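Trainee: Hey, dropping input.pdb in here, PDB, C-alpha atoms, pLDDT in the B column:
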MODEL        1
ATOM      1  CA  MET A  93     141.055  63.253 136.415  1.00 77.00           C
ATOM      2  CA  THR A  94     138.203  63.680 138.832  1.00 89.00           C
ATOM      3  CA  ARG A  95     134.522  63.260 138.063  1.00 90.00           C
ATOM      4  CA  ARG A  96     133.918  66.931 138.522  1.00 91.00           C
ATOM      5  CA  ARG A  97     136.616  67.907 136.023  1.00 91.00           C
ATOM      6  CA  ARG A  98     135.315  65.356 133.459  1.00 91.00           C
ATOM      7  CA  ARG A  99     131.809  66.813 133.793  1.00 93.00           C
ATOM      8  CA  LEU A 100     133.209  70.348 133.282  1.00 93.00           C
ATOM      9  CA  TYR A 101     135.030  69.276 130.101  1.00 94.00           C
ATOM     10  CA  PHE A 102     131.869  67.578 128.842  1.00 94.00           C
ATOM     11  CA  VAL A 103     129.747  70.697 129.442  1.00 95.00           C
ATOM     12  CA  LEU A 104     132.334  73.004 127.836  1.00 95.00           C
ATOM     13  CA  GLY A 105     132.702  70.706 124.814  1.00 95.00           C
ATOM     14  CA  GLY A 106     128.936  70.474 124.383  1.00 95.00           C
ATOM     15  CA  THR A 107     128.583  74.251 124.619  1.00 96.00           C
ATOM     16  CA  ALA A 108     131.316  74.730 122.006  1.00 96.00           C
ATOM     17  CA  LEU A 109     129.655  72.252 119.617  1.00 96.00           C
ATOM     18  CA  LEU A 110     126.271  73.890 120.097  1.00 96.00           C
ATOM     19  CA  THR A 111     127.766  77.334 119.420  1.00 96.00           C
ATOM     20  CA  VAL A 112     129.411  76.132 116.207  1.00 96.00           C
ATOM     21  CA  ALA A 113     126.163  74.500 115.041  1.00 95.00           C
ATOM     22  CA  VAL A 114     124.141  77.673 115.684  1.00 94.00           C
ATOM     23  CA  LEU A 115     126.695  79.850 113.868  1.00 92.00           C
ATOM     24  CA  LEU A 116     126.705  77.527 110.855  1.00 91.00           C
ATOM     25  CA  ALA A 117     122.900  77.519 110.731  1.00 88.00           C
ATOM     26  CA  LEU A 118     122.708  81.311 110.966  1.00 85.00           C
ATOM     27  CA  ASN A 119     125.333  81.707 108.241  1.00 82.00           C
ATOM     28  CA  ALA A 120     123.411  79.351 105.936  1.00 80.00           C
ATOM     29  CA  MET A 121     120.117  81.178 106.573  1.00 76.00           C
ATOM     30  CA  ARG A 122     121.663  84.592 105.927  1.00 69.00           C
ATOM     31  CA  ASP A 123     121.764  83.877 102.196  1.00 60.00           C
ATOM     32  CA  ASP A 124     118.084  82.873 102.181  1.00 63.00           C
ATOM     33  CA  LEU A 125     116.804  85.951 104.014  1.00 65.00           C
ATOM     34  CA  VAL A 126     115.095  88.504 101.796  1.00 64.00           C
ATOM     35  CA  PHE A 127     114.495  91.898 103.341  1.00 70.00           C
ATOM     36  CA  PHE A 128     111.583  94.176 102.400  1.00 76.00           C
ATOM     37  CA  TYR A 129     112.376  97.838 101.757  1.00 81.00           C
ATOM     38  CA  SER A 130     110.765 100.915 100.317  1.00 83.00           C
ATOM     39  CA  PRO A 131     112.929 102.825  97.785  1.00 86.00           C
ATOM     40  CA  SER A 132     113.782 105.436 100.465  1.00 83.00           C
ATOM     41  CA  GLU A 133     114.796 102.777 103.010  1.00 84.00           C
ATOM     42  CA  LEU A 134     116.926 101.034 100.403  1.00 84.00           C
ATOM     43  CA  ALA A 135     118.838 104.255  99.723  1.00 83.00           C
ATOM     44  CA  GLN A 136     119.391 104.837 103.451  1.00 85.00           C
ATOM     45  CA  LYS A 137     120.529 101.265 104.193  1.00 82.00           C
ATOM     46  CA  HIS A 138     123.182 101.176 101.426  1.00 78.00           C
ATOM     47  CA  VAL A 139     122.419  97.558 100.492  1.00 80.00           C
ATOM     48  CA  THR A 140     125.300  95.879  98.694  1.00 81.00           C
ATOM     49  CA  PRO A 141     124.866  95.056  94.976  1.00 86.00           C
ATOM     50  CA  GLY A 142     124.000  91.421  94.252  1.00 86.00           C
ATOM     51  CA  ARG A 143     121.885  91.054  97.383  1.00 83.00           C
ATOM     52  CA  THR A 144     118.321  89.745  96.966  1.00 84.00           C
ATOM     53  CA  VAL A 145     115.751  92.254  98.247  1.00 86.00           C
ATOM     54  CA  ARG A 146     112.032  92.979  98.050  1.00 87.00           C
ATOM     55  CA  ILE A 147     110.933  96.485  97.159  1.00 87.00           C
ATOM     56  CA  GLY A 148     107.424  97.743  97.807  1.00 85.00           C
ATOM     57  CA  GLY A 149     105.786 100.870  96.467  1.00 85.00           C
ATOM     58  CA  LEU A 150     103.765 102.238  93.576  1.00 86.00           C
ATOM     59  CA  VAL A 151     104.566 101.899  89.892  1.00 88.00           C
ATOM     60  CA  GLU A 152     105.578 105.422  88.887  1.00 89.00           C
ATOM     61  CA  THR A 153     103.236 107.029  86.344  1.00 89.00           C
ATOM     62  CA  GLY A 154     104.801 107.251  82.877  1.00 90.00           C
ATOM     63  CA  SER A 155     107.695 104.933  83.728  1.00 90.00           C
ATOM     64  CA  VAL A 156     106.546 101.624  82.215  1.00 91.00           C
ATOM     65  CA  HIS A 157     108.411 100.701  79.015  1.00 90.00           C
ATOM     66  CA  ARG A 158     107.881  97.375  77.314  1.00 87.00           C
ATOM     67  CA  ASP A 159     110.960  96.371  75.349  1.00 81.00           C
ATOM     68  CA  LYS A 160     111.710  93.577  72.911  1.00 74.00           C
ATOM     69  CA  GLN A 161     111.251  89.937  73.742  1.00 73.00           C
ATOM     70  CA  THR A 162     114.215  87.964  75.032  1.00 67.00           C
ATOM     71  CA  ALA A 163     115.651  84.996  73.151  1.00 68.00           C
ATOM     72  CA  ASP A 164     113.401  82.635  75.115  1.00 72.00           C
ATOM     73  CA  GLY A 165     110.271  84.650  74.220  1.00 73.00           C
ATOM     74  CA  ARG A 166     109.763  86.542  77.489  1.00 80.00           C
ATOM     75  CA  LEU A 167     108.779  90.199  77.284  1.00 84.00           C
ATOM     76  CA  ARG A 168     111.243  92.617  78.882  1.00 89.00           C
ATOM     77  CA  THR A 169     109.708  95.455  80.871  1.00 91.00           C
ATOM     78  CA  SER A 170     111.338  98.337  82.700  1.00 92.00           C
ATOM     79  CA  PHE A 171     109.599 100.617  85.168  1.00 94.00           C
ATOM     80  CA  ARG A 172     110.215 102.616  88.317  1.00 93.00           C
ATOM     81  CA  VAL A 173     108.903 101.849  91.824  1.00 90.00           C
ATOM     82  CA  THR A 174     108.326 104.897  94.011  1.00 87.00           C
ATOM     83  CA  ASP A 175     107.288 105.693  97.571  1.00 84.00           C
ATOM     84  CA  ALA A 176     106.651 109.390  96.738  1.00 80.00           C
ATOM     85  CA  GLN A 177     110.090 110.341  98.094  1.00 84.00           C
ATOM     86  CA  ARG A 178     112.480 108.255  95.979  1.00 87.00           C
ATOM     87  CA  SER A 179     112.114 105.940  93.047  1.00 89.00           C
ATOM     88  CA  LEU A 180     114.054 102.873  91.968  1.00 91.00           C
ATOM     89  CA  PRO A 181     114.463 101.599  88.383  1.00 93.00           C
ATOM     90  CA  VAL A 182     113.418  97.974  87.844  1.00 94.00           C
ATOM     91  CA  ARG A 183     114.042  95.592  84.917  1.00 92.00           C
ATOM     92  CA  TYR A 184     111.963  92.447  84.553  1.00 92.00           C
ATOM     93  CA  ALA A 185     111.712  89.728  81.903  1.00 89.00           C
ATOM     94  CA  GLY A 186     108.545  87.683  82.032  1.00 87.00           C
ATOM     95  CA  PRO A 187     104.785  87.917  82.240  1.00 87.00           C
ATOM     96  CA  LEU A 188     103.430  90.672  84.453  1.00 87.00           C
ATOM     97  CA  PRO A 189     100.411  90.168  86.744  1.00 87.00           C
ATOM     98  CA  ASP A 190      97.002  91.262  85.460  1.00 85.00           C
ATOM     99  CA  LEU A 191      96.737  93.960  88.143  1.00 84.00           C
ATOM    100  CA  PHE A 192     100.086  95.523  87.153  1.00 87.00           C
ATOM    101  CA  ARG A 193      99.694  99.097  85.917  1.00 86.00           C
ATOM    102  CA  GLU A 194     100.959 102.602  86.573  1.00 87.00           C
ATOM    103  CA  GLY A 195      99.934 104.050  89.926  1.00 83.00           C
ATOM    104  CA  GLN A 196      99.198 100.585  91.343  1.00 83.00           C
ATOM    105  CA  GLY A 197     100.880  99.001  94.365  1.00 84.00           C
ATOM    106  CA  VAL A 198     103.576  96.462  93.592  1.00 87.00           C
ATOM    107  CA  VAL A 199     106.108  94.264  95.393  1.00 88.00           C
ATOM    108  CA  VAL A 200     109.212  93.383  93.393  1.00 91.00           C
ATOM    109  CA  GLU A 201     111.798  90.772  94.366  1.00 91.00           C
ATOM    110  CA  GLY A 202     115.197  90.598  92.729  1.00 91.00           C
ATOM    111  CA  LYS A 203     118.892  91.369  92.923  1.00 91.00           C
ATOM    112  CA  LEU A 204     120.208  94.877  93.216  1.00 88.00           C
ATOM    113  CA  GLY A 205     122.587  95.726  90.384  1.00 88.00           C
ATOM    114  CA  GLY A 206     125.752  97.765  90.673  1.00 85.00           C
ATOM    115  CA  ASP A 207     124.109 100.673  88.821  1.00 88.00           C
ATOM    116  CA  GLY A 208     121.260 100.868  91.362  1.00 85.00           C
ATOM    117  CA  THR A 209     118.758  99.039  89.144  1.00 90.00           C
ATOM    118  CA  LEU A 210     116.793  96.143  90.576  1.00 91.00           C
ATOM    119  CA  VAL A 211     116.856  93.121  88.253  1.00 92.00           C
ATOM    120  CA  ALA A 212     113.560  91.527  89.211  1.00 92.00           C
ATOM    121  CA  SER A 213     112.914  87.810  89.384  1.00 91.00           C
ATOM    122  CA  GLN A 214     109.318  88.216  90.584  1.00 91.00           C
ATOM    123  CA  VAL A 215     106.699  90.983  90.354  1.00 91.00           C
ATOM    124  CA  LEU A 216     103.573  90.910  92.525  1.00 87.00           C
ATOM    125  CA  ALA A 217     100.790  93.445  92.017  1.00 83.00           C
ATOM    126  CA  LYS A 218      98.729  94.515  95.004  1.00 70.00           C
ATOM    127  CA  HIS A 219      95.128  95.647  94.942  1.00 67.00           C
ATOM    128  CA  ASP A 220      94.081  98.614  97.021  1.00 59.00           C
ATOM    129  CA  GLU A 221      91.754  98.732 100.002  1.00 54.00           C
ATOM    130  CA  ARG A 222      88.804  99.466  97.696  1.00 62.00           C
ATOM    131  CA  TYR A 223      88.933  96.002  96.111  1.00 57.00           C
ATOM    132  CA  MET A 224      85.571  94.413  95.514  1.00 58.00           C
ATOM    133  CA  PRO A 225      84.763  91.176  93.655  1.00 57.00           C
ATOM    134  CA  ARG A 226      83.166  91.743  90.260  1.00 66.00           C
ATOM    135  CA  GLU A 227      79.954  89.971  91.257  1.00 60.00           C
ATOM    136  CA  VAL A 228      79.397  92.288  94.228  1.00 61.00           C
ATOM    137  CA  ALA A 229      80.173  95.396  92.159  1.00 65.00           C
ATOM    138  CA  ASP A 230      77.737  94.248  89.436  1.00 66.00           C
ATOM    139  CA  ALA A 231      75.044  93.600  92.044  1.00 62.00           C
ATOM    140  CA  LEU A 232      75.510  97.084  93.506  1.00 63.00           C
ATOM    141  CA  LYS A 233      75.332  98.642  90.032  1.00 71.00           C
ATOM    142  CA  LYS A 234      72.119  96.811  89.202  1.00 63.00           C
ATOM    143  CA  SER A 235      70.506  97.795  92.492  1.00 58.00           C
ATOM    144  CA  GLY A 236      71.393 101.460  91.933  1.00 64.00           C
ATOM    145  CA  ARG A 237      73.613 101.707  95.025  1.00 59.00           C
ATOM    146  CA  TRP A 238      76.876 101.940  93.081  1.00 61.00           C
ATOM    147  CA  GLN A 239      78.250 105.393  92.375  1.00 59.00           C
ATOM    148  CA  GLU A 240      81.157 105.709  89.932  1.00 59.00           C
ATOM    149  CA  GLY A 241      84.131 107.414  91.522  1.00 55.00           C
ATOM    150  CA  ALA A 242      82.873 106.812  95.058  1.00 49.00           C
ATOM    151  CA  LYS A 243      84.900 104.710  97.419  1.00 47.00           C
ATOM    152  CA  ALA A 244      83.792 101.115  97.171  1.00 44.00           C
ATOM    153  CA  ALA A 245      82.964  99.258 100.346  1.00 44.00           C
ATOM    154  CA  PRO A 246      85.245  96.339 101.157  1.00 44.00           C
ATOM    155  CA  ALA A 247      83.905  93.012  99.954  1.00 44.00           C
ATOM    156  CA  ASN A 248      83.465  91.556 103.420  1.00 44.00           C
ATOM    157  CA  THR A 249      81.260  94.302 104.905  1.00 45.00           C
ATOM    158  CA  PRO A 250      77.692  93.334 105.780  1.00 45.00           C
ATOM    159  CA  ASN A 251      76.180  95.887 103.360  1.00 46.00           C
ATOM    160  CA  ALA A 252      78.225  94.663 100.409  1.00 45.00           C
ATOM    161  CA  LEU A 253      77.492  91.018 101.210  1.00 44.00           C
ATOM    162  CA  ALA A 254      73.798  91.709 101.738  1.00 43.00           C
ATOM    163  CA  ALA A 255      73.548  93.575  98.436  1.00 45.00           C
ATOM    164  CA  GLY A 256      75.244  90.719  96.598  1.00 43.00           C
ATOM    165  CA  ALA A 257      73.039  88.118  98.279  1.00 42.00           C
ATOM    166  CA  ALA A 258      69.857  90.122  97.611  1.00 43.00           C
ATOM    167  CA  GLU A 259      70.767  90.507  93.960  1.00 43.00           C
ATOM    168  CA  ALA A 260      71.618  86.822  93.626  1.00 41.00           C
ATOM    169  CA  ALA A 261      68.227  85.913  95.121  1.00 41.00           C
ATOM    170  CA  ARG A 262      66.335  87.930  92.478  1.00 43.00           C
TER     171      ARG A 262
ENDMDL
END
Mind converting the file's structure to structure tokens?

Mentor:
Amino acid sequence: MTRRRRRLYFVLGGTALLTVAVLLALNAMRDDLVFFYSPSELAQKHVTPGRTVRIGGLVETGSVHRDKQTADGRLRTSFRVTDAQRSLPVRYAGPLPDLFREGQGVVVEGKLGGDGTLVASQVLAKHDERYMPREVADALKKSGRWQEGAKAAPANTPNALAAGAAEAAR
């Protein structure tokens, strides 16, 4: 066997080993990947039951039902997540975030059941773009610049920060 042929076999063998290693790594990571969908996207994609997914949307008004506690003392809650086009039923056992309520943004992670219900393992509530720390809102109310029902300025704007700092200095 010539040197050239030995080198060719070495390169081909190394390429084959590298290909096998990459395929094994990708196969192992496939189970750990969690995709984010809206309820409409989930219906279009036809995700297989048992797959772990994240669903984002709003908690549908009038859909929250708090059931009995489980044997281990966790409260069972069922609700629907909607994106204004479709909604998806969700079941969750455990404590809900403080910001969780109807009409509020939420991200739910769990496994999709065969009946189309998401059995959630984690529920994350999202605040909207009008979020403002309580201290800043109180400072604006005291200074007379706060108007109920008006859109609140984001907490990091110069006016909101200046109002909070001015109130704190008083």

Trainee: To verify the selection step, state as a PyMOL selection string which residues the PyMOL selection byres ((chain A and resi 140-145) around 12) yields on this input.

Mentor: chain A and resi 122-131+133-139+146-148+199-214

Trainee: For the selection you just gave me, I'd like the residues written to a file as a short mmCIF file (atom, residue, chain, number, x, y, z; two decimals), in the frame of the given file, keeping C-alpha atoms.

Mentor:
data_model
loop_
_atom_site.label_atom_id
_atom_site.label_comp_id
_atom_site.auth_asym_id
_atom_site.auth_seq_id
_atom_site.Cartn_x
_atom_site.Cartn_y
_atom_site.Cartn_z
CA ARG A 122 121.66 84.59 105.93
CA ASP A 123 121.76 83.88 102.20
CA ASP A 124 118.08 82.87 102.18
CA LEU A 125 116.80 85.95 104.01
CA VAL A 126 115.10 88.50 101.80
CA PHE A 127 114.50 91.90 103.34
CA PHE A 128 111.58 94.18 102.40
CA TYR A 129 112.38 97.84 101.76
CA SER A 130 110.76 100.92 100.32
CA PRO A 131 112.93 102.82 97.78
CA GLU A 133 114.80 102.78 103.01
CA LEU A 134 116.93 101.03 100.40
CA ALA A 135 118.84 104.26 99.72
CA GLN A 136 119.39 104.84 103.45
CA LYS A 137 120.53 101.26 104.19
CA HIS A 138 123.18 101.18 101.43
CA VAL A 139 122.42 97.56 100.49
CA ARG A 146 112.03 92.98 98.05
CA ILE A 147 110.93 96.48 97.16
CA GLY A 148 107.42 97.74 97.81
CA VAL A 199 106.11 94.26 95.39
CA VAL A 200 109.21 93.38 93.39
CA GLU A 201 111.80 90.77 94.37
CA GLY A 202 115.20 90.60 92.73
CA LYS A 203 118.89 91.37 92.92
CA LEU A 204 120.21 94.88 93.22
CA GLY A 205 122.59 95.73 90.38
CA GLY A 206 125.75 97.76 90.67
CA ASP A 207 124.11 100.67 88.82
CA GLY A 208 121.26 100.87 91.36
CA THR A 209 118.76 99.04 89.14
CA LEU A 210 116.79 96.14 90.58
CA VAL A 211 116.86 93.12 88.25
CA ALA A 212 113.56 91.53 89.21
CA SER A 213 112.91 87.81 89.38
CA GLN A 214 109.32 88.22 90.58
#

Trainee: Near Leu191 in chain A, counting all atoms listed in the file, which residues have an atom at most 10 Å away, once you skip same-chain residues fewer than 3 positions from it, shown as a PyMOL selection string?

Mentor: chain A and resi 188+194+196-198+216-219

Trainee: If I take CA of Leu115 in chain A and CA of Arg96 in chain A, how far is one from the other in Å, to one decimal?

Mentor: 28.8 Å

Trainee: Could you put an axis-aligned box around every listed atom of range 131-135 of chain A, padded by 8 Å on each side, and send me its centre and edge lengths in Å to one decimal, as lines of an AutoDock Vina configuration file?

Mentor:
center_x = 115.9
center_y = 103.2
center_z = 100.4
size_x = 21.9
size_y = 20.4
size_z = 21.2

Trainee: Grab the CA of His157 in chain A to CA of Pro189 in chain A distance for me, in Å with one decimal place.

Mentor: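 So the answer is 15.3 Å.
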
Trainee: Which residues match the PyMOL selection byres ((chain A and resi 169-171) around 9) in the file above, as a list in words?

Mentor: Val151, Glu152, Gly154, Ser155, Val156, His157, Arg158, Asp159, Lys160, Leu167, Arg168, Arg172, Val173, Leu180, Pro181, Val182, Arg183, Tyr184, Ala185, Gly186, Leu188 and Glu194 of chain A

Trainee: What gap, in Å, lies between CA of Ser179 in chain A and CA of Ser132 in chain A?

Mentor: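 Computed distance, CA of Ser179 in chain A to CA of Ser132 in chain A, equals 7.6 Å.
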
Trainee: Can you sort out range 135-146 of chain A so it carries all heavy atoms, written as a CSV table (one decimal), in the frame of the given file?

Mentor:
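Written output follows (rebuild_1.csv):
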chain,number,residue,atom,x,y,z
A,135,ALA,N,117.8,103.3,99.9
A,135,ALA,CA,118.8,104.3,99.7
A,135,ALA,C,119.5,104.6,101.0
A,135,ALA,O,120.8,104.8,101.1
A,135,ALA,CB,118.3,105.5,99.1
A,136,GLN,N,118.8,104.5,102.1
A,136,GLN,CA,119.4,104.8,103.5
A,136,GLN,C,120.2,103.7,104.0
A,136,GLN,O,121.3,103.9,104.6
A,136,GLN,CB,118.3,105.1,104.5
A,136,GLN,CG,117.6,106.4,104.3
A,136,GLN,CD,116.4,106.6,105.2
A,136,GLN,OE1,116.1,105.7,105.9
A,136,GLN,NE2,115.7,107.7,105.1
A,137,LYS,N,119.8,102.4,103.7
A,137,LYS,CA,120.5,101.3,104.2
A,137,LYS,C,121.8,101.0,103.4
A,137,LYS,O,122.6,100.2,103.9
A,137,LYS,CB,119.6,100.0,104.1
A,137,LYS,CG,118.4,100.2,104.9
A,137,LYS,CD,118.6,99.9,106.4
A,137,LYS,CE,117.2,99.9,107.0
A,137,LYS,NZ,117.3,99.9,108.4
A,138,HIS,N,122.0,101.5,102.2
A,138,HIS,CA,123.2,101.2,101.4
A,138,HIS,C,123.4,99.7,101.3
A,138,HIS,O,124.4,99.1,101.7
A,138,HIS,CB,124.4,101.8,102.0
A,138,HIS,CG,124.3,103.3,102.1
A,138,HIS,ND1,124.3,104.1,101.0
A,138,HIS,CD2,124.2,104.1,103.2
A,138,HIS,CE1,124.1,105.4,101.4
A,138,HIS,NE2,124.1,105.4,102.8
A,139,VAL,N,122.4,99.0,100.7
A,139,VAL,CA,122.4,97.6,100.5
A,139,VAL,C,123.4,97.2,99.4
A,139,VAL,O,123.5,97.9,98.4
A,139,VAL,CB,121.0,97.0,100.1
A,139,VAL,CG1,121.1,95.6,99.8
A,139,VAL,CG2,120.0,97.3,101.2
A,140,THR,N,124.2,96.2,99.6
A,140,THR,CA,125.3,95.9,98.7
A,140,THR,C,124.7,95.3,97.4
A,140,THR,O,123.7,94.6,97.4
A,140,THR,CB,126.3,94.8,99.3
A,140,THR,OG1,125.5,93.7,99.7
A,140,THR,CG2,127.0,95.4,100.5
A,141,PRO,N,125.3,95.6,96.3
A,141,PRO,CA,124.9,95.1,95.0
A,141,PRO,C,125.0,93.5,95.0
A,141,PRO,O,125.9,93.0,95.6
A,141,PRO,CB,125.8,95.7,94.0
A,141,PRO,CG,126.3,96.9,94.6
A,141,PRO,CD,126.4,96.6,96.1
A,142,GLY,N,124.0,92.9,94.3
A,142,GLY,CA,124.0,91.4,94.3
A,142,GLY,C,123.2,90.8,95.3
A,142,GLY,O,122.9,89.6,95.3
A,143,ARG,N,122.7,91.6,96.3
A,143,ARG,CA,121.9,91.1,97.4
A,143,ARG,C,120.4,91.0,96.9
A,143,ARG,O,119.9,91.8,96.2
A,143,ARG,CB,122.0,92.0,98.6
A,143,ARG,CG,121.1,91.6,99.7
A,143,ARG,CD,121.8,91.4,100.9
A,143,ARG,NE,120.8,90.9,101.9
A,143,ARG,CZ,121.2,90.3,103.0
A,143,ARG,NH1,122.5,90.1,103.2
A,143,ARG,NH2,120.3,90.0,103.9
A,144,THR,N,119.7,89.9,97.3
A,144,THR,CA,118.3,89.7,97.0
A,144,THR,C,117.5,90.5,98.0
A,144,THR,O,117.6,90.4,99.2
A,144,THR,CB,117.9,88.3,97.0
A,144,THR,OG1,118.7,87.5,96.1
A,144,THR,CG2,116.5,88.1,96.6
A,145,VAL,N,116.6,91.4,97.4
A,145,VAL,CA,115.8,92.3,98.2
A,145,VAL,C,114.3,92.3,97.7
A,145,VAL,O,114.1,91.9,96.5
A,145,VAL,CB,116.3,93.7,98.3
A,145,VAL,CG1,117.6,93.8,99.1
A,145,VAL,CG2,116.4,94.3,97.0
A,146,ARG,N,113.4,92.7,98.5
A,146,ARG,CA,112.0,93.0,98.0
A,146,ARG,C,111.8,94.5,98.2
A,146,ARG,O,112.1,95.0,99.2
A,146,ARG,CB,111.0,92.2,98.9
A,146,ARG,CG,110.9,90.8,98.5
A,146,ARG,CD,109.7,90.2,99.2
A,146,ARG,NE,109.6,88.8,98.9
A,146,ARG,CZ,109.6,87.8,99.8
A,146,ARG,NH1,109.4,88.1,101.1
A,146,ARG,NH2,109.6,86.6,99.5
